[in-house]
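The structure under discussion appears below in the form of structure tokens.
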Amino acid sequence: MPSTHLLTDRPPARPRPRASGADAWFPDQRAARDGRLPLICLPYAGGTASIYRDWAGELGPDVHVVPVLLPGRGLRGREEPYTSMRPLAQDLAAAIAERGLAAGRYALFGHSMGALVAYEVACRLRSLGLPEPAHLFVSGSKAPHMYGDRADHLLADPQLRQLVRDLGGLGPDEVTGEAYLLHRLPVLRADLTVCDRYRWTPRPPLRCPATALGASGDPIATAAQIDAWREHTTGSLLRRELTGGHFYLTGPARPRLLAELRRDLAPLTAAED
């Protein structure tokens, strides 16, 4: 079966160089310190910033939801996506520093690949002499030292589509989800390359408190694998298990997820007052 970019007579667009500067990373142009607590949100592999579009109205007026727009999607659709963690974490950390989002208290949230990126960004910001996050939320991801056991980026297109389907990533309308996925396969494959090639580098654990979230029916982030995040912070680690599969955050468990986030963010927003 031909790869998806051969399904049309038009040759694939040539990628543009990645944009420099913080504006490209944050589609919300108001992403600056204004007294609210920034919650910087990172998507799963193949995901977009729109995953977190309506979180602002759910997490209260004291939390500023800052979705991250990665290259290869949305307004950055013509930019070449990353295929390696190190430059991705370095460039995103630089954008966060440039925008001043780490100048005071802030939090990071990431799901699946986004959790791994959030951890690496936190470590990178620390190495730049900036504060660690006041709270790190990692969702649907095994601990960093457990990566290196998959090669999903090497799957042929039909098998990759089947993997997404099996994990529940097509959404309730599988026909629409399948059509959308066909256009997202190149960036999904690039994101999976980031994850599959990632190897944890031993370093001191973070000191910030963390919340590790997962779903009871997730086959690629089991309870034991999520519990293993305890090795990566000397702060407290709160463990939350929700119902659903790998994409629980877009399913029926979403209200409970947001309730858990509100609970864990409440002490931080009170400290901002």
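By order in the structure tokens, chains are A, B, ...; within a chain, residues start at 1; ligands start at 1, following the order shown.
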Contacts of region 128-143 of chain A at 6 Å (only C-alpha atoms; same-chain gap of 3+ positions) as number ranges by chain: A: 105-112, 115, 122, 125, 146, 208-214, 221, 225-226, 228-229
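Comparing the minimum interatomic distances between Ala103 (chain A) and each of A:Asp196, A:Asp23, A:Glu260, A:Asp34, counting only C-alpha atoms, we find that A:Asp34 sits nearest.
Distance-wise, CA of Val66 (chain A) and CA of Leu39 (chain A) end up 5.7 Å apart.
Between CA of Thr83 (chain A) and CA of Gly217 (chain A) the separation is 28.2 Å.
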To test your reading of the structure, identify every residue in region 121-198 of chain A that backbone DSSP assigns to alpha helix (DSSP H), and report it as a compact mmCIF listing (two decimals) with N, CA and C atoms, in the first residue's frame.
# COMPACT_ATOMS: atom_id res chain seq x y z
N VAL A 121 12.11 19.25 29.49
CA VAL A 121 12.11 20.72 29.52
C VAL A 121 12.38 21.21 30.94
N ALA A 122 11.78 20.56 31.93
CA ALA A 122 12.03 20.94 33.33
C ALA A 122 13.51 20.80 33.66
N CYS A 123 14.11 19.70 33.22
CA CYS A 123 15.54 19.50 33.46
C CYS A 123 16.38 20.54 32.74
N ARG A 124 15.98 20.88 31.52
CA ARG A 124 16.72 21.88 30.74
C ARG A 124 16.61 23.26 31.38
N LEU A 125 15.43 23.63 31.83
CA LEU A 125 15.28 24.92 32.49
C LEU A 125 16.14 24.98 33.75
N ARG A 126 16.18 23.89 34.50
CA ARG A 126 17.04 23.83 35.68
C ARG A 126 18.50 24.05 35.30
N SER A 127 18.93 23.44 34.19
CA SER A 127 20.33 23.59 33.77
C SER A 127 20.65 25.01 33.32
N ASP A 157 2.34 2.33 7.23
CA ASP A 157 1.18 3.18 7.46
C ASP A 157 -0.06 2.41 7.94
N PRO A 158 -0.42 1.27 7.32
CA PRO A 158 -1.61 0.57 7.80
C PRO A 158 -1.48 0.11 9.25
N GLN A 159 -0.30 -0.38 9.61
CA GLN A 159 -0.09 -0.84 10.99
C GLN A 159 -0.09 0.34 11.97
N LEU A 160 0.43 1.48 11.53
CA LEU A 160 0.43 2.64 12.40
C LEU A 160 -0.99 3.15 12.63
N ARG A 161 -1.79 3.14 11.57
CA ARG A 161 -3.19 3.53 11.73
C ARG A 161 -3.93 2.56 12.66
N GLN A 162 -3.61 1.27 12.54
CA GLN A 162 -4.25 0.28 13.39
C GLN A 162 -3.86 0.48 14.85
N LEU A 163 -2.60 0.84 15.09
CA LEU A 163 -2.15 1.10 16.46
C LEU A 163 -2.95 2.23 17.07
N VAL A 164 -3.11 3.32 16.32
CA VAL A 164 -3.88 4.46 16.83
C VAL A 164 -5.32 4.04 17.10
N ARG A 165 -5.89 3.26 16.20
CA ARG A 165 -7.26 2.78 16.38
C ARG A 165 -7.37 1.92 17.64
N ASP A 166 -6.43 1.01 17.82
CA ASP A 166 -6.48 0.12 18.98
C ASP A 166 -6.35 0.88 20.30
N GLU A 174 -15.04 7.25 14.13
CA GLU A 174 -13.82 6.68 13.57
C GLU A 174 -13.61 7.05 12.11
N VAL A 175 -14.69 7.29 11.36
CA VAL A 175 -14.54 7.68 9.96
C VAL A 175 -13.86 9.04 9.87
N THR A 176 -14.35 9.99 10.65
CA THR A 176 -13.73 11.32 10.67
C THR A 176 -12.31 11.24 11.23
N GLY A 177 -12.15 10.44 12.29
CA GLY A 177 -10.83 10.29 12.90
C GLY A 177 -9.82 9.69 11.94
N GLU A 178 -10.25 8.72 11.15
CA GLU A 178 -9.36 8.09 10.19
C GLU A 178 -8.94 9.08 9.10
N ALA A 179 -9.87 9.89 8.63
CA ALA A 179 -9.55 10.89 7.61
C ALA A 179 -8.56 11.91 8.15
N TYR A 180 -8.78 12.32 9.39
CA TYR A 180 -7.86 13.28 10.02
C TYR A 180 -6.48 12.66 10.20
N LEU A 181 -6.45 11.41 10.61
CA LEU A 181 -5.18 10.74 10.86
C LEU A 181 -4.34 10.61 9.60
N LEU A 182 -5.00 10.40 8.46
CA LEU A 182 -4.25 10.28 7.20
C LEU A 182 -3.37 11.50 6.96
N HIS A 183 -3.86 12.67 7.34
CA HIS A 183 -3.09 13.90 7.15
C HIS A 183 -2.03 14.08 8.24
N ARG A 184 -2.20 13.37 9.36
CA ARG A 184 -1.31 13.56 10.49
C ARG A 184 -0.20 12.52 10.56
N LEU A 185 -0.23 11.52 9.68
CA LEU A 185 0.74 10.43 9.79
C LEU A 185 2.20 10.90 9.78
N PRO A 186 2.61 11.82 8.90
CA PRO A 186 4.02 12.23 8.93
C PRO A 186 4.46 12.83 10.26
N VAL A 187 3.62 13.71 10.84
CA VAL A 187 4.02 14.32 12.11
C VAL A 187 3.91 13.31 13.25
N LEU A 188 2.92 12.40 13.17
CA LEU A 188 2.83 11.34 14.18
C LEU A 188 4.07 10.47 14.14
N ARG A 189 4.51 10.11 12.95
CA ARG A 189 5.71 9.27 12.84
C ARG A 189 6.94 10.00 13.37
N ALA A 190 7.04 11.29 13.10
CA ALA A 190 8.17 12.07 13.63
C ALA A 190 8.14 12.10 15.16
N ASP A 191 6.95 12.32 15.73
CA ASP A 191 6.83 12.35 17.19
C ASP A 191 7.18 11.00 17.81
N LEU A 192 6.72 9.93 17.18
CA LEU A 192 7.04 8.60 17.69
C LEU A 192 8.55 8.32 17.60
N THR A 193 9.19 8.90 16.59
CA THR A 193 10.64 8.76 16.49
C THR A 193 11.33 9.40 17.69
N VAL A 194 10.82 10.56 18.11
CA VAL A 194 11.35 11.22 19.31
C VAL A 194 11.28 10.26 20.50
N CYS A 195 10.14 9.62 20.67
CA CYS A 195 9.93 8.74 21.82
C CYS A 195 10.74 7.45 21.71
N ASP A 196 10.71 6.84 20.53
CA ASP A 196 11.36 5.53 20.37
C ASP A 196 12.87 5.62 20.48
Step one, run DSSP on the backbone; step two, keep only residues of region 20-268 of chain A assigned to strand (DSSP E); then write them as a ChimeraX atom specification. /A:37-42,63-67,107-111,135-139,210-215,237-242
Hey, can you spit out that residue selection with C-alpha atoms as a PDB file, in the first residue's frame?
ATOM      1  CA  LEU A  37      -0.146  30.692  37.304  1.00  0.00           C
ATOM      2  CA  PRO A  38       1.017  29.494  33.865  1.00  0.00           C
ATOM      3  CA  LEU A  39       0.154  25.844  33.165  1.00  0.00           C
ATOM      4  CA  ILE A  40       2.245  24.955  30.122  1.00  0.00           C
ATOM      5  CA  CYS A  41       0.537  22.049  28.315  1.00  0.00           C
ATOM      6  CA  LEU A  42       2.239  19.643  25.911  1.00  0.00           C
ATOM      7  CA  VAL A  63      -4.643  29.458  36.108  1.00  0.00           C
ATOM      8  CA  HIS A  64      -3.346  30.567  32.721  1.00  0.00           C
ATOM      9  CA  VAL A  65      -3.449  27.572  30.364  1.00  0.00           C
ATOM     10  CA  VAL A  66      -0.585  27.881  27.863  1.00  0.00           C
ATOM     11  CA  PRO A  67      -0.856  25.219  25.120  1.00  0.00           C
ATOM     12  CA  ALA A 107       3.480  24.259  36.188  1.00  0.00           C
ATOM     13  CA  LEU A 108       3.950  21.777  33.343  1.00  0.00           C
ATOM     14  CA  PHE A 109       1.427  19.245  32.044  1.00  0.00           C
ATOM     15  CA  GLY A 110       2.118  16.658  29.368  1.00  0.00           C
ATOM     16  CA  HIS A 111       0.304  13.586  28.122  1.00  0.00           C
ATOM     17  CA  HIS A 135       4.349  21.244  39.950  1.00  0.00           C
ATOM     18  CA  LEU A 136       4.925  18.687  37.191  1.00  0.00           C
ATOM     19  CA  PHE A 137       1.940  16.768  35.813  1.00  0.00           C
ATOM     20  CA  VAL A 138       2.813  13.647  33.802  1.00  0.00           C
ATOM     21  CA  SER A 139      -0.044  11.748  32.203  1.00  0.00           C
ATOM     22  CA  ALA A 210       4.597  15.870  40.776  1.00  0.00           C
ATOM     23  CA  THR A 211       1.328  14.214  39.901  1.00  0.00           C
ATOM     24  CA  ALA A 212       1.460  11.044  37.801  1.00  0.00           C
ATOM     25  CA  LEU A 213      -1.832  10.270  36.082  1.00  0.00           C
ATOM     26  CA  GLY A 214      -2.876   7.232  34.101  1.00  0.00           C
ATOM     27  CA  ALA A 215      -5.851   5.179  33.031  1.00  0.00           C
ATOM     28  CA  LEU A 237       4.482  12.303  43.992  1.00  0.00           C
ATOM     29  CA  LEU A 238       0.707  12.066  43.887  1.00  0.00           C
ATOM     30  CA  ARG A 239      -0.699   9.109  41.976  1.00  0.00           C
ATOM     31  CA  ARG A 240      -4.063   9.384  40.226  1.00  0.00           C
ATOM     32  CA  GLU A 241      -5.693   6.504  38.345  1.00  0.00           C
ATOM     33  CA  LEU A 242      -8.672   7.211  36.124  1.00  0.00           C
TER      34      LEU A 242
END
Which polymer residues have any atom within 7 Å of an atom of Leu206 (chain A), counting only C-alpha atoms, with same-chain residues fewer than 4 positions away left out, as an NGL selection string? :A and (232-234)
Find, counting only C-alpha atoms, the residue in A:Asp264, A:Glu120, A:Asp218, A:Asp149 that gets nearest to Gly169 (chain A).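 Distance minimum relative to Gly169 (chain A) lands on A:Asp218.
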Rounded to one decimal place, report the CA of Pro172 (chain A)-CA of Leu258 (chain A) distance in Å.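 The value is 20.2 Å.
Checking A:Arg73, A:His153, A:Arg78, A:Arg36 one by one against Leu59 (chain A), counting only C-alpha atoms, you find the shortest gap at A:Arg36.
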